[in-house]
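What follows is model19.txt (compact mmCIF, C-alpha atoms and all ligand atoms).
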```
# COMPACT_ATOMS: atom_id res chain seq x y z
CA MET A 29 88.05 -9.80 31.24
CA LYS A 30 86.22 -6.54 30.51
CA LYS A 31 88.54 -3.73 29.38
CA ILE A 32 87.53 -0.43 31.00
CA SER A 33 88.47 3.16 30.10
CA ILE A 34 87.64 6.10 32.37
CA LEU A 35 87.34 9.80 31.54
CA GLY A 36 87.81 11.72 34.82
CA VAL A 37 89.59 8.98 36.76
CA THR A 38 90.73 11.29 39.58
CA GLY A 39 87.22 12.49 40.47
CA SER A 40 84.52 11.19 42.75
CA ILE A 41 82.98 8.81 40.17
CA GLY A 42 86.40 7.96 38.71
CA THR A 43 87.91 6.86 42.04
CA GLN A 44 84.78 4.89 43.00
CA THR A 45 85.05 3.10 39.63
CA LEU A 46 88.67 2.24 40.47
CA ASN A 47 87.45 0.83 43.78
CA ILE A 48 85.09 -1.50 41.89
CA ILE A 49 87.86 -2.57 39.48
CA GLN A 50 90.19 -3.24 42.41
CA ASN A 51 87.54 -5.37 44.13
CA ASN A 52 86.89 -7.38 40.94
CA GLU A 53 90.27 -7.76 39.29
CA GLU A 54 89.35 -11.11 37.74
CA ARG A 55 86.54 -9.32 35.88
CA PHE A 56 87.80 -5.80 34.99
CA GLN A 57 91.03 -4.29 33.66
CA LEU A 58 91.73 -0.55 33.44
CA VAL A 59 93.25 0.10 30.00
CA ALA A 60 92.98 3.87 29.51
CA MET A 61 92.22 6.86 31.71
CA SER A 62 92.07 10.65 31.67
CA ALA A 63 92.59 13.15 34.46
CA GLY A 64 92.85 16.91 34.77
CA ARG A 65 95.52 18.33 37.06
CA ASN A 66 95.68 15.89 39.99
CA ILE A 67 99.06 14.42 39.01
CA PRO A 68 99.88 12.74 42.38
CA LEU A 69 96.66 10.69 42.06
CA VAL A 70 97.45 9.97 38.40
CA GLU A 71 100.82 8.56 39.48
CA GLN A 72 99.30 6.39 42.21
CA THR A 73 96.71 5.08 39.76
CA ILE A 74 99.31 4.24 37.11
CA GLU A 75 101.38 2.35 39.69
CA ARG A 76 98.37 0.42 40.97
CA PHE A 77 96.48 -0.31 37.70
CA GLN A 78 99.14 -0.08 34.93
CA PRO A 79 96.87 1.44 32.24
CA LYS A 80 98.23 1.53 28.70
CA LEU A 81 97.13 5.08 27.85
CA VAL A 82 96.85 8.14 30.11
CA SER A 83 95.65 11.65 29.27
CA VAL A 84 96.25 14.71 31.46
CA MET A 85 95.19 18.30 30.94
CA GLU A 86 98.64 19.91 30.53
CA GLU A 87 101.24 18.75 27.99
CA ALA A 88 104.01 19.72 30.48
CA ASP A 89 102.63 17.13 32.93
CA ALA A 90 102.44 14.53 30.14
CA GLU A 91 106.11 15.17 29.30
CA ARG A 92 107.23 14.60 32.90
CA LEU A 93 105.09 11.43 33.15
CA ARG A 94 106.58 10.00 29.91
CA VAL A 95 110.03 10.11 31.51
CA ARG A 96 108.84 8.53 34.74
CA TYR A 97 106.67 5.74 33.20
CA PRO A 98 108.26 4.66 29.89
CA ASN A 99 105.85 1.71 29.48
CA THR A 100 102.73 3.92 29.42
CA SER A 101 101.63 6.25 26.59
CA PHE A 102 100.73 9.81 27.56
CA VAL A 103 98.59 12.34 25.73
CA SER A 104 97.11 15.67 26.81
CA GLY A 105 94.39 18.30 26.38
CA THR A 106 91.10 17.84 24.58
CA LEU A 107 92.72 15.61 21.93
CA GLY A 108 93.97 13.41 24.76
CA LEU A 109 90.42 13.02 26.08
CA LYS A 110 89.33 11.80 22.65
CA GLU A 111 92.22 9.35 22.45
CA VAL A 112 91.25 7.81 25.78
CA ALA A 113 87.58 7.73 24.76
CA THR A 114 88.38 5.86 21.55
CA TYR A 115 91.06 3.56 22.97
CA GLU A 116 90.04 -0.06 22.33
CA SER A 117 87.92 -1.02 25.36
CA ASP A 118 84.68 -2.83 26.20
CA LEU A 119 83.23 0.07 28.21
CA LEU A 120 83.99 3.76 28.60
CA ILE A 121 82.96 5.40 31.90
CA THR A 122 82.36 9.10 31.20
CA ALA A 123 83.08 10.65 34.60
CA VAL A 124 84.59 13.96 33.56
CA VAL A 125 82.67 17.01 34.78
CA GLY A 126 81.11 19.50 32.37
CA SER A 127 80.37 19.76 28.67
CA VAL A 128 84.06 19.10 27.93
CA GLY A 129 82.84 15.49 27.90
CA LEU A 130 80.72 16.02 24.79
CA GLU A 131 83.29 15.59 22.00
CA PRO A 132 85.05 12.56 23.56
CA THR A 133 81.66 10.90 24.15
CA LEU A 134 80.72 11.39 20.51
CA ALA A 135 84.13 10.09 19.44
CA ALA A 136 83.57 6.93 21.54
CA ILE A 137 80.18 6.43 19.88
CA GLU A 138 81.79 6.72 16.42
CA ALA A 139 84.33 4.10 17.59
CA ARG A 140 81.36 1.92 18.70
CA ILE A 141 82.49 1.75 22.30
CA PRO A 142 79.67 1.14 24.83
CA ILE A 143 79.29 3.98 27.31
CA ALA A 144 78.44 4.13 31.02
CA LEU A 145 77.41 7.76 31.28
CA ALA A 146 77.86 9.78 34.48
CA ASN A 147 78.72 13.04 32.68
CA LYS A 148 75.17 14.48 32.54
CA GLU A 149 76.26 17.86 31.11
CA THR A 150 77.02 16.11 27.79
CA LEU A 151 73.38 15.07 27.40
CA VAL A 152 72.11 18.46 28.51
CA ALA A 153 74.33 20.27 26.00
CA ALA A 154 73.66 17.98 23.04
CA GLY A 155 71.47 15.02 23.99
CA HIS A 156 69.64 15.11 20.65
CA ILE A 157 72.95 14.54 18.79
CA VAL A 158 74.44 12.02 21.22
CA MET A 159 71.37 9.79 21.53
CA LYS A 160 70.58 9.90 17.80
CA ARG A 161 74.10 8.83 16.84
CA ALA A 162 74.23 6.14 19.56
CA LYS A 163 70.96 4.72 18.24
CA GLU A 164 72.12 4.82 14.61
CA LEU A 165 75.33 2.94 15.48
CA ASN A 166 73.65 0.69 18.07
CA VAL A 167 76.00 1.83 20.84
CA PRO A 168 74.57 1.27 24.36
CA ILE A 169 74.47 4.26 26.70
CA ILE A 170 73.97 2.94 30.23
CA PRO A 171 73.12 5.51 32.89
CA VAL A 172 75.36 5.89 35.96
CA ASP A 173 73.64 8.88 37.58
CA SER A 174 71.83 7.37 40.60
CA GLU A 175 68.33 8.53 39.58
CA HIS A 176 68.71 7.40 35.97
CA SER A 177 70.18 4.07 36.99
CA ALA A 178 67.12 3.66 39.24
CA LEU A 179 64.77 4.50 36.36
CA PHE A 180 66.69 2.21 34.02
CA GLN A 181 66.41 -0.64 36.54
CA ALA A 182 62.73 0.05 37.23
CA MET A 183 61.79 -0.06 33.53
CA ASN A 184 63.93 -3.14 32.79
CA GLY A 185 61.80 -5.63 30.81
CA GLU A 186 58.79 -3.27 30.67
CA ASN A 187 57.11 -1.99 27.52
CA PRO A 188 58.19 1.69 27.24
CA LYS A 189 54.72 2.55 25.91
CA THR A 190 53.21 1.61 29.29
CA ILE A 191 55.22 4.26 31.18
CA ARG A 192 52.97 7.02 32.47
CA ARG A 193 55.65 9.20 34.08
CA LEU A 194 59.06 9.27 35.71
CA ILE A 195 59.41 10.64 39.25
CA ILE A 196 62.94 11.83 39.96
CA THR A 197 63.76 12.18 43.65
CA ALA A 198 65.75 15.14 45.02
CA SER A 199 67.45 15.36 48.41
CA GLY A 200 66.96 19.14 48.49
CA GLY A 201 70.70 19.73 48.79
CA SER A 202 72.69 21.59 51.42
CA PHE A 203 70.18 24.43 51.88
CA ARG A 204 66.88 22.60 51.88
CA HIS A 205 66.07 24.07 55.32
CA LEU A 206 66.49 27.70 54.10
CA THR A 207 64.08 30.07 52.33
CA ARG A 208 65.28 31.93 49.22
CA ASP A 209 65.83 35.11 51.28
CA GLU A 210 67.97 33.17 53.72
CA LEU A 211 70.23 32.05 50.87
CA ALA A 212 71.62 35.58 50.36
CA ASN A 213 74.75 35.16 52.49
CA VAL A 214 75.49 31.44 52.40
CA THR A 215 79.14 30.45 51.98
CA VAL A 216 80.92 28.07 49.63
CA GLU A 217 81.82 25.86 52.58
CA GLN A 218 78.16 25.59 53.61
CA ALA A 219 77.09 24.86 50.05
CA LEU A 220 79.63 22.04 49.80
CA ALA A 221 78.17 20.21 52.82
CA HIS A 222 75.70 17.87 51.09
CA PRO A 223 73.43 16.06 53.58
CA ASN A 224 73.58 12.59 51.94
CA TRP A 225 76.20 12.26 49.20
CA ALA A 226 79.97 12.86 48.92
CA MET A 227 80.46 14.13 45.35
CA GLY A 228 82.63 16.48 43.30
CA ASN A 229 82.32 20.20 44.11
CA LYS A 230 80.48 21.31 40.96
CA LEU A 231 77.76 18.71 41.40
CA THR A 232 77.42 19.49 45.11
CA ILE A 233 76.77 23.16 44.31
CA ASP A 234 74.33 22.13 41.54
CA SER A 235 72.50 20.04 44.10
CA ALA A 236 72.23 23.05 46.44
CA THR A 237 70.82 25.33 43.70
CA MET A 238 68.61 22.44 42.43
CA MET A 239 70.19 22.87 38.99
CA ASN A 240 71.30 19.26 39.39
CA LYS A 241 67.67 18.16 39.34
CA GLY A 242 67.09 20.38 36.30
CA LEU A 243 70.05 18.81 34.48
CA GLU A 244 68.71 15.38 35.49
CA VAL A 245 65.24 16.10 34.06
CA ILE A 246 66.84 16.94 30.69
CA GLU A 247 69.16 13.92 31.00
CA ALA A 248 66.10 11.68 31.60
CA HIS A 249 64.27 13.22 28.62
CA HIS A 250 67.12 12.18 26.32
CA LEU A 251 67.96 8.82 27.89
CA PHE A 252 64.39 7.55 28.02
CA ASN A 253 62.90 9.50 25.10
CA LEU A 254 59.98 10.91 27.12
CA PRO A 255 58.43 14.40 26.93
CA PHE A 256 58.92 16.82 29.82
CA ASP A 257 55.25 16.54 30.84
CA GLN A 258 56.00 12.93 31.80
CA ILE A 259 59.00 13.77 33.98
CA ASP A 260 58.29 14.97 37.53
CA CYS A 261 60.47 15.64 40.56
CA VAL A 262 59.73 15.15 44.24
CA MET A 263 61.74 16.11 47.28
CA HIS A 264 62.81 13.05 49.26
CA ARG A 265 65.22 14.08 52.01
CA GLU A 266 66.55 10.62 52.77
CA SER A 267 67.95 9.77 49.26
CA ILE A 268 66.87 6.15 49.76
CA ILE A 269 64.42 5.89 46.86
CA HIS A 270 66.62 6.87 43.92
CA SER A 271 63.69 7.38 41.52
CA ILE A 272 60.36 5.87 40.49
CA VAL A 273 58.61 4.82 37.29
CA GLU A 274 54.82 5.06 37.27
CA PHE A 275 53.04 2.81 34.73
CA CYS A 276 49.67 3.17 33.00
CA ASP A 277 48.00 0.79 35.49
CA THR A 278 49.13 3.16 38.37
CA SER A 279 51.79 0.68 39.56
CA MET A 280 54.97 2.40 40.67
CA ILE A 281 58.32 0.64 40.55
CA ALA A 282 61.08 2.27 42.57
CA GLN A 283 64.73 1.40 43.17
CA LEU A 284 65.96 1.76 46.76
CA GLY A 285 69.30 1.54 48.49
CA SER A 286 71.73 3.36 50.75
CA PRO A 287 73.22 6.40 49.02
CA ASP A 288 76.38 4.82 47.58
CA MET A 289 77.36 5.60 43.97
CA ARG A 290 79.31 2.37 43.67
CA VAL A 291 75.98 0.56 43.27
CA PRO A 292 74.86 2.32 40.05
CA ILE A 293 78.46 2.45 38.76
CA GLN A 294 78.89 -1.30 39.26
CA TYR A 295 75.46 -2.03 37.77
CA ALA A 296 76.43 -0.10 34.62
CA MET A 297 79.72 -2.04 34.48
CA THR A 298 78.09 -5.47 34.80
CA TYR A 299 74.72 -4.85 33.09
CA PRO A 300 72.66 -6.94 32.41
CA ASP A 301 74.20 -9.02 35.24
CA ARG A 302 74.46 -8.17 38.91
CA ILE A 303 77.42 -9.14 41.04
CA PRO A 304 77.86 -8.89 44.84
CA MET A 305 78.99 -5.53 46.21
CA GLN A 306 82.15 -5.60 48.35
CA GLU A 307 81.64 -3.98 51.79
CA PRO A 308 77.90 -3.59 51.10
CA LYS A 309 75.98 -0.89 52.95
CA THR A 310 72.76 -2.91 53.14
CA LEU A 311 69.68 -0.88 53.81
CA ASP A 312 68.03 -1.53 57.18
CA LEU A 313 64.42 -0.51 56.56
CA VAL A 314 63.41 -0.84 60.21
CA ALA A 315 66.30 1.37 61.34
CA LEU A 316 65.30 3.87 58.62
CA GLY A 317 61.75 3.84 60.03
CA GLN A 318 60.17 6.31 57.61
CA MET A 319 60.62 8.13 54.34
CA ASN A 320 59.35 11.60 53.46
CA PHE A 321 58.15 13.20 50.24
CA GLU A 322 57.47 16.90 49.64
CA THR A 323 56.58 19.16 46.72
CA LEU A 324 59.52 21.00 45.17
CA ASP A 325 58.76 24.71 45.19
CA VAL A 326 59.95 26.13 41.83
CA ASN A 327 59.89 29.69 43.22
CA ARG A 328 62.35 28.63 45.88
CA PHE A 329 64.33 26.40 43.53
CA LYS A 330 64.39 28.69 40.48
CA ALA A 331 67.02 26.62 38.64
CA LEU A 332 64.59 23.72 38.30
CA ALA A 333 62.04 25.99 36.60
CA LEU A 334 64.78 27.31 34.28
CA ALA A 335 65.74 23.76 33.31
CA TYR A 336 62.16 22.79 32.48
CA GLU A 337 61.92 25.94 30.37
CA ALA A 338 65.21 25.16 28.60
CA GLY A 339 64.22 21.54 28.05
CA ARG A 340 60.75 22.35 26.71
CA THR A 341 62.09 25.09 24.42
CA GLY A 342 64.91 22.83 23.26
CA GLY A 343 67.25 23.82 20.42
CA SER A 344 70.33 25.62 21.71
CA LEU A 345 68.75 26.81 24.99
CA PRO A 346 69.81 23.83 27.19
CA THR A 347 73.40 24.32 25.91
CA VAL A 348 73.28 27.96 27.02
CA MET A 349 71.80 27.06 30.39
CA ASN A 350 74.45 24.43 31.01
CA ALA A 351 77.41 26.58 29.91
CA ALA A 352 76.21 29.59 31.94
CA ASN A 353 75.72 27.37 34.96
CA GLU A 354 79.23 25.87 34.69
CA VAL A 355 80.81 29.33 34.62
CA ALA A 356 78.56 30.75 37.36
CA VAL A 357 79.23 27.80 39.70
CA ALA A 358 83.00 28.18 39.17
CA ALA A 359 82.66 31.93 39.89
CA PHE A 360 80.72 31.22 43.09
CA MET A 361 83.36 28.73 44.24
CA ALA A 362 86.09 31.29 43.46
CA GLY A 363 84.28 33.84 45.65
CA CYS A 364 83.42 36.18 42.73
CA ILE A 365 79.61 35.98 42.94
CA SER A 366 77.05 35.12 45.60
CA PHE A 367 75.05 31.90 45.75
CA LEU A 368 71.84 33.57 44.56
CA GLN A 369 73.66 35.10 41.61
CA ILE A 370 74.23 31.62 40.16
CA ASP A 371 70.68 31.01 38.94
CA GLU A 372 70.15 34.74 38.29
CA MET A 373 73.10 34.75 35.87
CA VAL A 374 71.90 31.56 34.21
CA GLU A 375 68.46 33.13 33.76
CA ARG A 376 69.97 36.27 32.22
CA SER A 377 72.05 34.22 29.76
CA MET A 378 68.96 32.28 28.71
CA GLU A 379 66.91 35.50 28.27
CA ARG A 380 69.60 37.07 26.08
CA HIS A 381 69.93 34.05 23.81
CA THR A 382 68.11 33.73 20.47
CA VAL A 383 67.28 30.04 20.26
CA ILE A 384 68.64 28.07 17.30
CA GLN A 385 66.46 25.03 16.53
CA ASN A 386 67.99 21.61 15.92
CA PRO A 387 71.61 22.82 16.26
CA ASP A 388 74.37 20.66 14.83
CA LEU A 389 77.56 19.88 16.76
CA GLN A 390 79.48 22.88 15.42
CA THR A 391 76.65 25.21 16.45
CA ILE A 392 76.48 23.63 19.91
CA LEU A 393 80.22 24.13 20.41
CA GLU A 394 80.00 27.76 19.24
CA VAL A 395 76.99 28.52 21.46
CA ASP A 396 78.71 26.89 24.43
CA ALA A 397 81.89 28.94 23.89
CA MET A 398 80.01 32.20 23.25
CA THR A 399 77.90 31.78 26.40
CA ARG A 400 81.02 31.17 28.46
CA ARG A 401 82.70 34.30 27.02
CA GLU A 402 79.63 36.48 27.66
CA ILE A 403 78.99 35.37 31.22
CA THR A 404 82.69 35.58 32.07
CA ALA A 405 82.75 39.17 30.78
CA THR A 406 79.68 40.00 32.90
CA ILE A 407 81.30 38.54 36.01
CA GLU A 408 84.56 40.40 35.35
CA LYS A 409 82.64 43.69 35.07
N1 LIG B 501 80.04 12.31 42.10
C1 LIG B 501 78.86 11.72 42.02
O1 LIG B 501 78.41 11.08 42.98
C2 LIG B 501 78.06 11.82 40.77
C3 LIG B 501 78.55 12.46 39.63
N2 LIG B 501 77.80 12.53 38.49
C4 LIG B 501 78.32 13.22 37.32
O2 LIG B 501 79.57 12.65 36.97
C5 LIG B 501 80.48 13.66 36.47
C6 LIG B 501 81.73 13.67 37.34
O3 LIG B 501 81.35 14.10 38.64
P1 LIG B 501 82.35 14.02 39.87
O4 LIG B 501 83.08 12.72 39.82
O5 LIG B 501 81.55 14.37 41.05
O6 LIG B 501 83.35 15.20 39.52
P2 LIG B 501 84.78 15.53 40.15
O7 LIG B 501 84.91 16.99 40.15
O8 LIG B 501 84.98 14.78 41.41
O9 LIG B 501 85.78 14.90 39.06
C7 LIG B 501 85.88 15.46 37.79
C8 LIG B 501 86.94 14.76 36.98
O10 LIG B 501 87.06 15.41 35.72
C9 LIG B 501 88.41 15.90 35.56
N3 LIG B 501 88.31 17.17 34.83
C10 LIG B 501 87.70 18.30 35.25
N4 LIG B 501 87.76 19.24 34.30
C11 LIG B 501 88.43 18.69 33.26
C12 LIG B 501 88.84 19.17 31.98
N5 LIG B 501 88.56 20.40 31.56
N6 LIG B 501 89.53 18.33 31.16
C13 LIG B 501 89.82 17.08 31.57
N7 LIG B 501 89.48 16.58 32.77
C14 LIG B 501 88.78 17.37 33.59
C15 LIG B 501 88.96 16.03 36.95
O11 LIG B 501 90.38 15.97 36.91
P3 LIG B 501 91.37 16.50 38.10
O12 LIG B 501 90.65 16.35 39.38
O13 LIG B 501 92.56 15.60 37.93
O14 LIG B 501 91.70 17.92 37.78
C16 LIG B 501 88.33 14.79 37.59
O15 LIG B 501 89.02 13.63 37.20
C17 LIG B 501 79.68 14.97 36.50
O16 LIG B 501 79.10 15.20 35.26
C18 LIG B 501 78.60 14.71 37.56
O17 LIG B 501 77.46 15.49 37.36
C19 LIG B 501 76.55 11.97 38.42
C20 LIG B 501 76.02 11.34 39.51
C21 LIG B 501 76.72 11.23 40.76
C1 LIG B 502 74.43 10.83 43.57
C2 LIG B 502 73.74 11.51 42.47
O1 LIG B 502 73.20 10.90 41.58
C3 LIG B 502 73.66 12.97 42.50
O2 LIG B 502 73.36 13.51 41.23
C4 LIG B 502 72.54 13.21 43.47
O3 LIG B 502 71.38 13.08 42.72
C5 LIG B 502 72.62 14.49 44.16
O4 LIG B 502 71.50 14.56 44.96
P1 LIG B 502 70.43 15.72 44.89
O5 LIG B 502 70.65 16.51 43.66
O6 LIG B 502 69.13 15.01 44.93
O7 LIG B 502 70.75 16.48 46.14
MN MN B 503 71.91 12.22 40.41
```
Would you mind writing the file's structure down as structure tokens?
Amino acid sequence: MKKISILGVTGSIGTQTLNIIQNNEERFQLVAMSAGRNIPLVEQTIERFQPKLVSVMEEADAERLRVRYPNTSFVSGTLGLKEVATYESDLLITAVVGSVGLEPTLAAIEARIPIALANKETLVAAGHIVMKRAKELNVPIIPVDSEHSALFQAMNGENPKTIRRLIITASGGSFRHLTRDELANVTVEQALAHPNWAMGNKLTIDSATMMNKGLEVIEAHHLFNLPFDQIDCVMHRESIIHSIVEFCDTSMIAQLGSPDMRVPIQYAMTYPDRIPMQEPKTLDLVALGQMNFETLDVNRFKALALAYEAGRTGGSLPTVMNAANEVAVAAFMAGCISFLQIDEMVERSMERHTVIQNPDLQTILEVDAMTRREITATIEK
């Protein structure tokens, strides 16, 4: 029996992970979980899976839950996230959204708990610290993000030195049919209508701005230890090829499948084995008929260019980019700024920042907090 903990159990990745546990109860047991504010779903999950430890965002919610479920331990806030992350388990799924996942992920590494990583913002904010420590302590970090799972599968058993480049596929997001000028008046509702994937709101907006692809390029740089010149992106509207590895002999190995996150989540949970998928959405290639590939225009998708710049510059710049983006996306969803202001505000935060090279954790946390304060003040003005 594999003991599983989940950070962000009430989200899109969290609930799909629960679906896999439910379909394989002889194999997996949920032992600890964290959520934010979705208390009705927390209650349902406790009743169905009986975890031993639960963290919620607010202490007041934890207090009410302690009375209702006396056999479960409850914790709260950022300390609660760390307690769940370090609870004795065989695998931690990091499915919380945002750089709030950084400290719990590092705590799990210190506790030598293997990680299935969905929370890409953690690697963008501090990939150099996370990957270095995981390597030192020999803690596996298995990718969950669909593109990185595809790359991980495609390079399985290969000599890393023979990799020529990674090609990360991008659906183009909700506005792939619009020019930059046409993006001026798009609404939150339109931005949240992703053509291929059902995901959490923040990621769906990131996909529409193409910041998601930028975050994924930096995520790939850290996960696979490759320079940015060896990481390309291509627009692939169908989201069937999840990414491609090109080798030195020009062979390309790609991973394909219907867009269903349960596949990479389950693969991370069973790696290096594969097990059958319940209710599989098998891919019918003949019905699909054709697949398309197009160049990604970095003038149109400015966020991708910003991410390459942040990644290549390194130091504290990716932390600034990520923090500014988190605040700007939240402001867009709250109706405070327009869609085009998201990447404009991220760009301005990056321009204003004096890069600190090789920042330690304390510096990363300070830069993250300072960026959030500055961009929030700008939005409030
Ligand atoms: N969804 C997908 O298909 C994919 C997601 N990812 C990555 O996985 C991560 C999760 O994405 P997704 O599942 O879509 O996100 P969701 O928004 O659906 O879920 C986020 C989860 O994090 C919790 N949460 C949010 N903020 C906090 C906080 N400050 N403290 C504690 N808990 C918090 C939420 O709690 P609550 O709702 O209870 O408030 C929820 O459980 C992201 O980093 C995303 O980029 C990567 C690839 C695919
Ligand atoms: C499912 C997943 O991994 C998302 O990160 C996905 O990549 C979003 O798709 P696009 O960013 O390509 O629109
Ligand atoms: Mn992805």
Restrict the calculation to only C-alpha atoms and all ligand atoms, then for each residue of chain A with any atom at most 8 Å from an atom of ligand LIG 501 (chain B) give the closest atom pair and their distance in Å to one decimal, rows by chain and rising residue number, as CSV.
```
residue,atom,partner,partner_atom,distance
A:Leu35,CA,B:LIG501,O10,7.0
A:Gly36,CA,B:LIG501,O15,3.3
A:Val37,CA,B:LIG501,O15,4.7
A:Thr38,CA,B:LIG501,O15,3.8
A:Gly39,CA,B:LIG501,O9,3.1
A:Ser40,CA,B:LIG501,O4,3.6
A:Ile41,CA,B:LIG501,O4,3.9
A:Gly42,CA,B:LIG501,O4,5.9
A:Thr43,CA,B:LIG501,O4,7.9
A:Ser62,CA,B:LIG501,N7,6.6
A:Ala63,CA,B:LIG501,O13,4.2
A:Gly64,CA,B:LIG501,O14,3.4
A:Arg65,CA,B:LIG501,O14,3.9
A:Asn66,CA,B:LIG501,O13,3.7
A:Ile67,CA,B:LIG501,O13,6.7
A:Leu69,CA,B:LIG501,O13,7.6
A:Val70,CA,B:LIG501,O13,7.5
A:Val84,CA,B:LIG501,C13,6.9
A:Met85,CA,B:LIG501,C13,5.5
A:Gly105,CA,B:LIG501,N6,6.8
A:Thr106,CA,B:LIG501,N6,6.8
A:Leu109,CA,B:LIG501,C13,6.9
A:Thr122,CA,B:LIG501,C5,7.2
A:Ala123,CA,B:LIG501,C6,4.3
A:Val124,CA,B:LIG501,O10,3.6
A:Val125,CA,B:LIG501,C17,4.0
A:Gly126,CA,B:LIG501,O16,5.6
A:Val128,CA,B:LIG501,N5,5.9
A:Gly129,CA,B:LIG501,N6,8.0
A:Leu145,CA,B:LIG501,O2,7.8
A:Ala146,CA,B:LIG501,O2,4.2
A:Asn147,CA,B:LIG501,O16,3.4
A:Lys148,CA,B:LIG501,O16,4.8
A:Glu149,CA,B:LIG501,O16,5.7
A:Thr150,CA,B:LIG501,O16,7.8
A:Val172,CA,B:LIG501,C20,6.5
A:Asp173,CA,B:LIG501,C20,3.9
A:Ser174,CA,B:LIG501,C20,5.9
A:Trp225,CA,B:LIG501,O1,6.7
A:Ala226,CA,B:LIG501,O1,6.4
A:Met227,CA,B:LIG501,N1,3.7
A:Gly228,CA,B:LIG501,O5,3.3
A:Asn229,CA,B:LIG501,O7,5.7
A:Lys230,CA,B:LIG501,O7,6.2
A:Leu231,CA,B:LIG501,O17,5.2
A:Thr232,CA,B:LIG501,O5,7.7
A:Asn240,CA,B:LIG501,O17,7.5
A:Met289,CA,B:LIG501,O1,5.7
```
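Minimum atom-to-atom distances from A:Arg94, A:Ser286, A:Phe367, A:Leu345 to Leu220 (chain A) were compared using all atoms listed in the file, and the lowest value belongs to A:Phe367.
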For ligand LIG 502 (chain B), return the neighbouring residues as a ChimeraX atom specification (distance at most 9 Å; all atoms listed in the file). /A:146,148,172-177,196-202,222-227,231-232,234-241,244,263-265,267,270,287-289,292
Record the distance separating CA of Asp312 (chain A) and CA of Pro300 (chain A), expressed in Å with one decimal.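 CA of Pro300 (chain A) lies 25.8 Å from CA of Asp312 (chain A).
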Which residue, A:Asp396, A:Glu274, A:Glu379, A:Glu247, has the smallest gap to ligand MN 503 (chain B) when you use all atoms listed in the file? A:Glu247
Which residues, written as a PyMOL selection string, have at least one atom at most 12 Å from Leu393 (chain A), with all atoms listed in the file counted and residues fewer than 2 positions away on the same chain left out? chain A and resi 127-131+150+153-154+344+347-348+351+387-391+395-400
